[in-house]
>>> print(open('target_23.cif').read())   # mmCIF, C-alpha atoms and all ligand atoms
data_run
loop_
_atom_site.label_atom_id
_atom_site.label_comp_id
_atom_site.auth_asym_id
_atom_site.auth_seq_id
_atom_site.Cartn_x
_atom_site.Cartn_y
_atom_site.Cartn_z
CA MET A 1 -26.89 -222.17 87.66
CA ILE A 2 -26.44 -218.63 86.33
CA ARG A 3 -24.61 -218.14 83.05
CA PHE A 4 -23.88 -214.94 81.15
CA GLU A 5 -22.75 -215.64 77.60
CA ASN A 6 -21.19 -212.61 75.95
CA VAL A 7 -23.87 -210.34 77.28
CA THR A 8 -24.10 -206.78 76.04
CA LYS A 9 -26.80 -204.47 77.33
CA ARG A 10 -27.61 -201.14 75.73
CA TYR A 11 -30.31 -198.92 77.15
CA ARG A 12 -32.37 -196.86 74.78
CA GLY A 13 -31.04 -193.38 74.33
CA THR A 14 -27.57 -194.10 75.69
CA SER A 15 -24.42 -194.10 73.62
CA ARG A 16 -22.27 -196.45 75.68
CA PRO A 17 -23.48 -199.96 76.60
CA ALA A 18 -24.17 -200.57 80.28
CA LEU A 19 -22.64 -204.06 79.87
CA THR A 20 -20.20 -205.14 77.19
CA ASP A 21 -19.51 -208.77 76.32
CA VAL A 22 -19.90 -209.98 79.91
CA ASP A 23 -19.22 -213.67 80.34
CA PHE A 24 -19.32 -215.66 83.58
CA GLU A 25 -20.91 -218.63 85.23
CA VAL A 26 -22.04 -219.07 88.82
CA GLN A 27 -22.34 -222.60 90.18
CA ARG A 28 -24.98 -223.84 92.54
CA GLY A 29 -24.22 -222.97 96.14
CA GLU A 30 -21.69 -220.24 95.40
CA PHE A 31 -21.54 -216.90 97.17
CA VAL A 32 -20.49 -214.30 94.64
CA PHE A 33 -19.78 -210.63 95.11
CA LEU A 34 -20.49 -208.47 92.12
CA VAL A 35 -18.39 -205.39 92.70
CA GLY A 36 -17.59 -202.18 90.92
CA ALA A 37 -18.11 -198.46 91.16
CA SER A 38 -21.52 -196.89 90.84
CA GLY A 39 -22.62 -197.12 87.22
CA SER A 40 -20.38 -200.09 86.43
CA GLY A 41 -23.36 -202.32 85.59
CA LYS A 42 -24.01 -204.36 88.75
CA SER A 43 -27.74 -203.68 88.95
CA SER A 44 -28.07 -204.24 85.22
CA CYS A 45 -26.63 -207.74 85.71
CA LEU A 46 -29.05 -208.51 88.52
CA ARG A 47 -32.00 -207.25 86.49
CA LEU A 48 -31.01 -209.56 83.66
CA ILE A 49 -30.86 -212.52 86.07
CA LEU A 50 -34.33 -211.63 87.36
CA ARG A 51 -35.53 -211.26 83.79
CA GLU A 52 -36.64 -207.72 84.50
CA ASP A 53 -34.74 -206.90 81.36
CA ILE A 54 -33.21 -208.82 78.45
CA PRO A 55 -29.75 -208.53 76.90
CA SER A 56 -29.21 -206.61 73.68
CA GLU A 57 -26.78 -209.31 72.64
CA GLY A 58 -25.72 -212.60 74.16
CA ARG A 59 -27.56 -214.99 76.41
CA VAL A 60 -28.47 -215.22 80.07
CA VAL A 61 -29.24 -218.73 81.31
CA VAL A 62 -30.62 -219.12 84.84
CA LEU A 63 -31.63 -222.45 86.41
CA GLY A 64 -31.31 -224.05 83.02
CA ARG A 65 -33.66 -221.62 81.32
CA ASP A 66 -32.56 -219.40 78.48
CA LEU A 67 -34.24 -216.20 79.59
CA ARG A 68 -34.45 -214.94 76.03
CA THR A 69 -36.88 -217.69 75.18
CA LEU A 70 -38.82 -217.59 78.44
CA SER A 71 -42.30 -216.34 77.63
CA ASN A 72 -43.68 -213.41 79.62
CA ARG A 73 -46.39 -215.60 81.01
CA LYS A 74 -43.80 -217.94 82.53
CA VAL A 75 -41.79 -215.17 84.13
CA PRO A 76 -43.73 -215.13 87.43
CA TYR A 77 -43.13 -218.85 87.89
CA PHE A 78 -39.48 -218.48 87.04
CA ARG A 79 -39.11 -215.66 89.58
CA ARG A 80 -40.36 -217.84 92.40
CA HIS A 81 -36.95 -219.49 92.31
CA ILE A 82 -35.13 -216.19 92.66
CA GLY A 83 -35.33 -214.08 95.79
CA ALA A 84 -34.18 -210.48 95.68
CA VAL A 85 -33.41 -207.74 98.18
CA PHE A 86 -32.42 -204.15 97.53
CA GLN A 87 -30.71 -201.24 99.18
CA ASP A 88 -34.01 -199.46 99.83
CA PHE A 89 -35.80 -202.56 101.26
CA ARG A 90 -38.95 -201.93 99.16
CA LEU A 91 -41.41 -202.87 101.87
CA LEU A 92 -45.07 -201.96 101.60
CA PRO A 93 -45.43 -199.16 104.18
CA THR A 94 -49.10 -199.76 104.98
CA LYS A 95 -48.68 -203.46 105.58
CA THR A 96 -47.40 -205.14 108.70
CA VAL A 97 -44.27 -207.26 108.79
CA PHE A 98 -46.41 -210.37 108.50
CA GLN A 99 -48.40 -208.98 105.58
CA ASN A 100 -45.27 -207.84 103.76
CA VAL A 101 -43.87 -211.36 103.84
CA ALA A 102 -47.24 -212.97 103.13
CA PHE A 103 -47.95 -210.73 100.15
CA THR A 104 -45.60 -212.52 97.76
CA LEU A 105 -47.15 -215.85 98.63
CA GLN A 106 -50.66 -214.53 98.25
CA VAL A 107 -50.09 -213.05 94.82
CA THR A 108 -48.56 -216.30 93.64
CA GLY A 109 -51.61 -218.22 94.80
CA SER A 110 -50.33 -220.02 97.89
CA SER A 111 -52.95 -221.51 100.16
CA ARG A 112 -53.85 -219.77 103.40
CA ALA A 113 -52.57 -222.73 105.34
CA PHE A 114 -49.22 -222.47 103.64
CA VAL A 115 -49.02 -218.72 104.26
CA LYS A 116 -49.84 -219.23 107.91
CA GLN A 117 -47.01 -221.68 108.29
CA ALA A 118 -44.39 -220.27 105.95
CA VAL A 119 -44.45 -216.63 107.05
CA PRO A 120 -43.62 -217.21 110.73
CA GLU A 121 -40.91 -219.64 109.66
CA ALA A 122 -39.34 -217.10 107.33
CA LEU A 123 -39.48 -214.43 110.04
CA ALA A 124 -37.89 -216.81 112.53
CA LEU A 125 -35.12 -217.55 110.06
CA VAL A 126 -34.15 -213.89 109.94
CA GLY A 127 -34.52 -213.41 113.69
CA LEU A 128 -37.75 -211.40 113.61
CA ALA A 129 -40.10 -213.71 115.46
CA GLY A 130 -42.45 -211.64 117.58
CA LYS A 131 -42.41 -208.57 115.32
CA GLU A 132 -45.15 -209.74 112.98
CA LYS A 133 -47.50 -206.89 113.80
CA ARG A 134 -45.03 -204.04 113.42
CA PHE A 135 -45.22 -201.69 110.48
CA PRO A 136 -42.05 -200.92 108.54
CA HIS A 137 -41.74 -197.45 110.08
CA GLU A 138 -41.67 -199.08 113.52
CA LEU A 139 -38.52 -201.02 112.66
CA SER A 140 -34.84 -200.15 112.46
CA GLY A 141 -33.18 -200.22 109.06
CA GLY A 142 -31.58 -203.56 109.81
CA GLU A 143 -34.92 -205.01 110.83
CA GLN A 144 -36.53 -203.69 107.67
CA GLN A 145 -33.87 -205.40 105.59
CA ARG A 146 -34.55 -208.61 107.53
CA VAL A 147 -38.21 -208.35 106.61
CA ALA A 148 -37.17 -207.92 102.98
CA LEU A 149 -34.96 -211.00 103.35
CA ALA A 150 -37.79 -213.00 104.89
CA ARG A 151 -39.99 -211.99 101.98
CA ALA A 152 -37.28 -212.98 99.50
CA LEU A 153 -36.78 -216.35 101.19
CA VAL A 154 -40.34 -217.35 101.97
CA ASN A 155 -40.66 -219.19 98.66
CA ARG A 156 -37.42 -221.11 99.32
CA PRO A 157 -35.67 -219.73 96.24
CA GLN A 158 -32.59 -221.44 94.87
CA VAL A 159 -30.95 -218.12 94.16
CA LEU A 160 -30.85 -214.99 96.28
CA LEU A 161 -29.89 -211.71 94.62
CA ALA A 162 -28.91 -208.82 96.86
CA ASP A 163 -28.38 -205.41 95.30
CA GLU A 164 -26.35 -203.30 97.75
CA PRO A 165 -28.34 -204.75 100.66
CA THR A 166 -26.19 -202.98 103.25
CA GLY A 167 -26.06 -199.68 101.40
CA ASN A 168 -28.47 -197.95 103.78
CA LEU A 169 -27.24 -199.58 106.99
CA ASP A 170 -24.61 -198.66 109.54
CA PRO A 171 -21.54 -200.95 109.72
CA ALA A 172 -22.64 -203.00 112.74
CA THR A 173 -26.05 -203.66 111.23
CA SER A 174 -24.44 -204.43 107.91
CA VAL A 175 -22.45 -207.17 109.62
CA ASP A 176 -25.69 -208.69 110.91
CA ILE A 177 -27.10 -208.77 107.41
CA MET A 178 -23.88 -210.24 106.03
CA GLN A 179 -24.04 -212.98 108.67
CA LEU A 180 -27.54 -213.75 107.56
CA LEU A 181 -26.57 -213.89 103.90
CA SER A 182 -23.64 -216.12 104.77
CA ARG A 183 -25.89 -218.45 106.74
CA ILE A 184 -28.46 -218.53 103.96
CA ASN A 185 -25.68 -219.45 101.55
CA SER A 186 -24.32 -222.16 103.83
CA GLY A 187 -27.78 -223.72 103.67
CA GLY A 188 -27.30 -224.20 99.94
CA THR A 189 -28.85 -221.07 98.46
CA THR A 190 -26.75 -219.49 95.74
CA VAL A 191 -26.15 -215.84 96.65
CA VAL A 192 -25.11 -213.04 94.32
CA MET A 193 -24.52 -209.77 96.11
CA ALA A 194 -23.77 -206.49 94.38
CA THR A 195 -21.78 -204.01 96.39
CA HIS A 196 -19.36 -201.15 96.00
CA GLU A 197 -18.15 -201.48 99.59
CA ALA A 198 -14.66 -202.94 99.76
CA GLY A 199 -14.59 -203.89 103.42
CA PHE A 200 -16.93 -206.83 103.39
CA VAL A 201 -15.56 -208.28 100.23
CA ASP A 202 -12.04 -208.36 101.60
CA GLN A 203 -13.22 -210.03 104.77
CA MET A 204 -15.48 -212.64 103.25
CA ARG A 205 -12.92 -214.20 100.91
CA ARG A 206 -15.56 -215.31 98.49
CA ARG A 207 -15.61 -215.21 94.74
CA VAL A 208 -15.47 -211.70 93.35
CA ILE A 209 -16.62 -210.61 89.92
CA GLU A 210 -15.64 -207.04 89.23
CA LEU A 211 -17.16 -204.76 86.64
CA GLN A 212 -15.71 -201.54 85.35
CA ASN A 213 -17.68 -199.43 82.90
CA GLY A 214 -19.76 -202.46 82.04
CA GLU A 215 -16.82 -204.75 81.37
CA LEU A 216 -15.85 -207.73 83.48
CA ILE A 217 -12.31 -206.97 84.58
CA ARG A 218 -11.86 -209.56 87.34
CA ASP A 219 -13.30 -212.93 88.29
CA GLU A 220 -11.54 -214.34 91.28
CA ARG A 221 -12.33 -217.13 93.66
CA HIS A 222 -11.53 -216.21 97.23
CA GLY A 223 -10.60 -212.79 95.98
CA GLY A 224 -10.58 -209.56 97.86
CA TYR A 225 -11.68 -206.37 96.26
CA GLY A 226 -8.36 -206.15 94.52
CA ASP A 227 -6.17 -203.14 94.91
CA THR A 228 -8.19 -201.04 97.31
CA SER A 229 -5.63 -198.26 97.46
CA SER A 230 -7.21 -196.46 94.55
CA LEU A 231 -10.72 -196.70 95.97
CA PRO A 232 -12.26 -193.83 97.86
CA SER A 233 -12.71 -194.70 101.50
CA LEU A 234 -16.37 -195.47 102.02
CA ALA A 235 -16.22 -196.47 105.63
CA PRO A 236 -18.20 -194.02 107.75
CA GLU A 237 -17.28 -193.67 111.43
CA PRO A 238 -13.96 -195.51 111.56
CA GLU A 239 -14.32 -196.87 115.09
CA ARG A 240 -17.68 -198.48 114.34
CA GLY A 241 -16.34 -199.75 111.05
CA ALA A 242 -13.41 -201.34 112.82
CA ALA A 243 -15.73 -202.97 115.34
CA ALA A 244 -17.90 -204.23 112.54
CA VAL A 245 -14.98 -205.73 110.68
CA ALA A 246 -13.73 -207.34 113.88
CA ALA A 247 -17.15 -208.85 114.50
CA LEU A 248 -17.42 -210.13 110.98
CA THR A 249 -13.93 -211.61 111.17
CA ALA A 250 -14.89 -213.45 114.34
CA VAL A 251 -17.98 -214.84 112.67
CA LEU A 252 -16.00 -216.01 109.71
CA GLU A 253 -13.50 -217.71 111.98
CA VAL A 254 -16.34 -219.69 113.50
CA HIS A 255 -17.63 -220.44 110.05
CA ARG A 256 -14.28 -221.74 108.88
CA GLU A 257 -13.93 -223.91 111.96
CA LEU A 258 -17.34 -225.41 111.41
CA VAL A 259 -16.72 -226.03 107.76
CA GLY A 260 -13.43 -227.62 108.74
CA THR A 261 -15.22 -230.02 111.05
CA GLY A 262 -17.71 -230.97 108.42
CA SER A 263 -20.65 -228.91 109.58
CA VAL A 264 -22.11 -226.74 106.89
CA GLU A 265 -24.31 -224.73 109.20
CA LEU A 266 -23.16 -221.42 110.52
CA PRO A 267 -24.75 -220.90 113.88
CA VAL A 268 -25.44 -217.24 114.31
CA ALA A 269 -25.99 -215.71 117.68
CA PRO A 270 -29.16 -213.70 118.15
CA PRO A 271 -28.67 -210.15 116.88
CA ALA A 272 -26.28 -208.15 119.03
CA PRO A 273 -28.05 -205.68 121.30
CA ALA A 274 -26.22 -202.79 119.64
CA ALA A 275 -27.79 -203.64 116.32
CA GLN A 276 -31.24 -204.06 117.80
CA PRO A 277 -31.86 -200.85 119.67
CA ARG A 278 -35.54 -201.44 120.22
CA ALA A 279 -36.74 -202.99 123.45
CA GLU A 280 -37.94 -206.52 123.07
CA GLU A 281 -41.66 -206.91 123.18
CA PRO A 282 -43.52 -209.74 124.82
CA ALA A 283 -44.05 -212.72 122.61
CA PRO A 284 -47.21 -212.45 120.56
CA GLU A 285 -50.23 -214.46 121.49
CA VAL A 286 -50.60 -217.83 119.90
CA ASP A 287 -53.33 -216.63 117.61
CA ASP A 288 -51.47 -213.63 116.25
CA ALA A 289 -50.40 -215.26 113.05
CA LYS A 290 -53.93 -216.46 112.44
CA ALA A 291 -55.32 -213.03 113.16
CA GLU A 292 -52.84 -211.52 110.72
CA VAL A 293 -53.87 -213.89 108.01
CA GLU A 294 -57.52 -213.17 108.62
CA ALA A 295 -56.87 -209.44 108.66
CA SER A 296 -54.82 -209.53 105.52
CA ALA A 297 -57.54 -211.54 103.87
CA ASP A 298 -59.76 -208.47 103.94
CA THR A 299 -58.01 -207.08 100.91
CA PRO A 300 -56.54 -210.15 99.32
CA PRO A 301 -54.73 -209.72 96.07
CA ARG A 302 -56.52 -212.24 93.89
CA PRO A 303 -54.17 -215.05 93.01
CA PRO A 304 -53.72 -215.28 89.26
CA ALA A 305 -55.07 -218.83 89.23
CA PRO A 306 -52.00 -220.51 87.79
CA ALA A 307 -52.59 -223.44 85.50
CA ALA A 308 -51.71 -226.65 87.27
CA ALA A 309 -49.34 -227.69 84.53
CA GLU A 310 -47.52 -224.40 84.78
CA ALA A 311 -47.12 -224.67 88.50
CA ALA A 312 -45.87 -228.20 88.15
CA GLU A 313 -43.45 -227.14 85.49
CA ALA A 314 -42.15 -224.39 87.71
CA GLY A 315 -41.59 -227.03 90.37
CA GLU A 316 -43.59 -225.31 93.06
CA THR A 317 -43.14 -228.09 95.57
CA ALA A 318 -39.54 -228.86 94.85
CA SER A 319 -38.61 -225.19 95.09
CA ARG A 320 -39.52 -225.19 98.74
CA THR A 321 -37.10 -227.87 99.70
CA ASN A 322 -34.00 -225.72 99.70
CA PRO A 323 -32.68 -226.00 103.23
CA ILE A 324 -31.69 -222.98 105.23
CA PRO A 325 -30.09 -223.45 108.61
CA VAL A 326 -32.11 -221.82 111.32
CA VAL A 327 -31.04 -219.36 113.96
CA ASP A 328 -30.04 -221.25 117.11
CA ALA A 329 -32.23 -219.08 119.28
CA VAL A 330 -35.34 -220.11 117.41
CA GLN A 331 -34.41 -223.71 116.77
CA LEU A 332 -36.91 -225.08 119.24
CA ASP A 333 -39.87 -223.12 117.94
CA VAL A 334 -39.05 -223.95 114.39
CA ASP A 335 -38.65 -227.63 115.16
CA GLU A 336 -42.06 -227.59 116.70
CA LEU A 337 -43.44 -226.22 113.50
CA GLY A 338 -42.00 -229.15 111.61
CA LEU A 339 -39.76 -226.84 109.66
CA ALA A 340 -36.97 -229.32 109.12
CA ASP A 341 -39.41 -231.63 107.46
CA ARG A 342 -40.94 -228.98 105.26
CA LEU A 343 -37.63 -227.50 104.22
CA GLY A 344 -36.26 -230.86 103.22
CA LEU A 345 -33.55 -230.86 105.87
CA ASP A 346 -33.93 -234.60 105.82
CA GLY A 347 -31.74 -234.59 102.75
CA ASP A 348 -34.33 -234.42 100.00
CA GLU A 349 -32.42 -233.02 97.05
CA ASP A 350 -35.23 -232.77 94.54
CA GLU A 351 -34.30 -230.37 91.82
CA VAL A 352 -36.29 -228.04 89.68
CA GLY A 353 -35.69 -228.71 86.06
CA PRO A 354 -32.30 -228.78 84.46
CA THR A 355 -29.72 -226.52 86.01
CA SER A 356 -26.36 -225.42 84.90
P1 LIG B 401 -24.51 -200.04 89.09
O1 LIG B 401 -25.60 -200.86 89.66
O2 LIG B 401 -23.19 -200.72 89.07
O3 LIG B 401 -24.42 -198.68 89.72
P2 LIG B 401 -26.20 -199.87 86.74
O4 LIG B 401 -26.36 -201.22 86.19
O5 LIG B 401 -27.32 -199.30 87.52
O6 LIG B 401 -24.83 -199.78 87.54
O7 LIG B 401 -25.93 -198.85 85.53
C1 LIG B 401 -24.98 -199.13 84.53
C2 LIG B 401 -25.08 -198.04 83.48
O8 LIG B 401 -26.31 -198.15 82.80
C3 LIG B 401 -25.01 -196.63 84.04
O9 LIG B 401 -24.32 -195.82 83.13
C4 LIG B 401 -26.47 -196.23 84.09
O10 LIG B 401 -26.61 -194.86 83.97
C5 LIG B 401 -27.05 -196.96 82.91
N1 LIG B 401 -28.45 -197.32 83.10
C6 LIG B 401 -28.94 -198.15 84.04
N2 LIG B 401 -30.27 -198.31 83.91
C7 LIG B 401 -30.63 -197.56 82.84
C8 LIG B 401 -31.88 -197.30 82.18
N3 LIG B 401 -33.02 -197.86 82.59
N4 LIG B 401 -31.87 -196.48 81.11
C9 LIG B 401 -30.72 -195.91 80.69
N5 LIG B 401 -29.52 -196.12 81.25
C10 LIG B 401 -29.47 -196.93 82.32
MG MG B 402 -26.81 -200.46 91.28
#
>>> encode(input="target_23.cif", output="structure tokens", more="lines below")
Ligand code: ADP
Ligand code: MG
Amino acid sequence: MIRFENVTKRYRGTSRPALTDVDFEVQRGEFVFLVGASGSGKSSCLRLILREDIPSEGRVVVLGRDLRTLSNRKVPYFRRHIGAVFQDFRLLPTKTVFQNVAFTLQVTGSSRAFVKQAVPEALALVGLAGKEKRFPHELSGGEQQRVALARALVNRPQVLLADEPTGNLDPATSVDIMQLLSRINSGGTTVVMATHEAGFVDQMRRRVIELQNGELIRDERHGGYGDTSSLPSLAPEPERGAAAVAALTAVLEVHRELVGTGSVELPVAPPAPAAQPRAEEPAPEVDDAKAEVEASADTPPRPPAPAAAEAAEAGETASRTNPIPVVDAVQLDVDELGLADRLGLDGDEDEVGPTS
């Protein structure tokens, strides 16, 4: 699904490569931690996967496409299959929650009807139903990252990249986000998360790829962070950190039990009150979503009018069939929206092009 073949990346004006001869492959459905100290090359790897940059040497193959030979004009279609979130959220400050999530769809030419349906679904998936009209500054950090996740997921990408997604969050909120990422992954989305924080990685027991000065020094399934004794302690506020780790451990226990009984879905409780300090607001009126769409249509980014053949090649329809289990608390609402059908939870496994 993602393959690095002897990838070296040199940035202009630097003497030492940011990545040297990096070689690994991520299979469909994996959850992979990309770890290493600041400057070790994690973000460089993610940028190569997103085709924001190209290797100096070697090859990066994502979803069966050799990104070296992918023409610039095809990049936007390719990126629809890859969701990405970052440490600094990158929300548009003057747009509401709804508009932030809708924006991606609008610029890629989705129909209004699709936007109207997909945005509330994505927000429900991340536990933000009812906050459509908020602006980013009216949200906690954890909520802002959820908006960013909803935006990353609204196109039903096959791969989710997360670059230090918990880097700006307190430990308890970080656990919420990790739960979400875990749940997204258990729905079949391949997740690659870059982090320099040891705690989560030890707890999650997922595959770990470790970089050091741009070289891959470890690639372990079910690995921890390795020898953490030499790492500086990054945990702020020990008591909260301990609570966070305990909470995460509990979640993972549940996860393991469910996997053991054959269920692949990780039911996640609604966000803990501690992580959601804001008072709940009354549910929005039925027409809110419509109003938002209308409002956002005042300054619509003109869709780039994709050629039909291109869209078909990029597998627009198939890309939206990647199932993501929904939050229990919103199950009813989402069912009413026909989400299961639209997300292909009926077992439709249509694939987009060749994958590896
Ligand atoms: P990480 O995400 O692990 O902190 P990065 O991939 O951001 O690491 O950086 C790896 C190395 O590449 C660092 O030495 C960094 O300074 C360098 N680097 C990253 N981006 C650029 C750039 N655009 N131009 C020059 N050097 C860069
Ligand atoms: Mg980085």
>>> atom_distance(input="target_23.cif", atom1="atom CA of A:Val22", atom2="atom CA of A:Val192")
15.6 Å
>>> atom_distance(input="target_23.cif", atom1="atom CA of A:His137", atom2="atom CA of A:Asn168")
14.7 Å
>>> residues_near_ligand(input="target_23.cif", ligand="ligand MG 402 (chain B)", cutoff="10 Å", atoms="only C-alpha atoms and all ligand atoms", output="list in words")
Val35, Gly36, Ala37, Ser38, Gly39, Ser40, Gly41, Lys42, Ser43, Ser44, Cys45, Leu46, Arg47, Phe86, Gln87, Asp163, Glu164, Ala194, Thr195 and His196 of chain A
>>> write_last_selection(input="target_23.cif", atoms="C-alpha atoms", output="mmCIF file, in the frame of the given file")
data_model
loop_
_atom_site.group_PDB
_atom_site.id
_atom_site.type_symbol
_atom_site.label_atom_id
_atom_site.label_comp_id
_atom_site.auth_asym_id
_atom_site.auth_seq_id
_atom_site.Cartn_x
_atom_site.Cartn_y
_atom_site.Cartn_z
ATOM 1 C CA VAL A 35 -18.390 -205.390 92.700
ATOM 2 C CA GLY A 36 -17.590 -202.180 90.920
ATOM 3 C CA ALA A 37 -18.110 -198.460 91.160
ATOM 4 C CA SER A 38 -21.520 -196.890 90.840
ATOM 5 C CA GLY A 39 -22.620 -197.120 87.220
ATOM 6 C CA SER A 40 -20.380 -200.090 86.430
ATOM 7 C CA GLY A 41 -23.360 -202.320 85.590
ATOM 8 C CA LYS A 42 -24.010 -204.360 88.750
ATOM 9 C CA SER A 43 -27.740 -203.680 88.950
ATOM 10 C CA SER A 44 -28.070 -204.240 85.220
ATOM 11 C CA CYS A 45 -26.630 -207.740 85.710
ATOM 12 C CA LEU A 46 -29.050 -208.510 88.520
ATOM 13 C CA ARG A 47 -32.000 -207.250 86.490
ATOM 14 C CA PHE A 86 -32.420 -204.150 97.530
ATOM 15 C CA GLN A 87 -30.710 -201.240 99.180
ATOM 16 C CA ASP A 163 -28.380 -205.410 95.300
ATOM 17 C CA GLU A 164 -26.350 -203.300 97.750
ATOM 18 C CA ALA A 194 -23.770 -206.490 94.380
ATOM 19 C CA THR A 195 -21.780 -204.010 96.390
ATOM 20 C CA HIS A 196 -19.360 -201.150 96.000
#
>>> atom_distance(input="target_23.cif", atom1="atom CA of A:Ile177", atom2="atom CA of A:Gln145")
7.8 Å
>>> closest_residue(input="target_23.cif", among="A:Ala122, A:Ala18, A:Ala150, A:Val7", to="ligand LIG 401 (chain B)", atoms="all atoms listed in the file")
A:Ala18
>>> closest_residue(input="target_23.cif", among="A:Val97, A:Val62, A:Leu34, A:Val159", to="ligand LIG 401 (chain B)", atoms="only C-alpha atoms and all ligand atoms")
A:Leu34
>>> axis_aligned_box(input="target_23.cif", around="ligand LIG 401 (chain B)", padding_each_side="6 Å", output="AutoDock Vina command-line options")
--center_x -28.1 --center_y -198.0 --center_z 85.2 --size_x 21.8 --size_y 18.4 --size_z 21.0
>>> closest_residue(input="target_23.cif", among="A:Leu50, A:Val126, A:Arg206, A:Asn213", to="ligand LIG 401 (chain B)", atoms="only C-alpha atoms and all ligand atoms")
A:Asn213
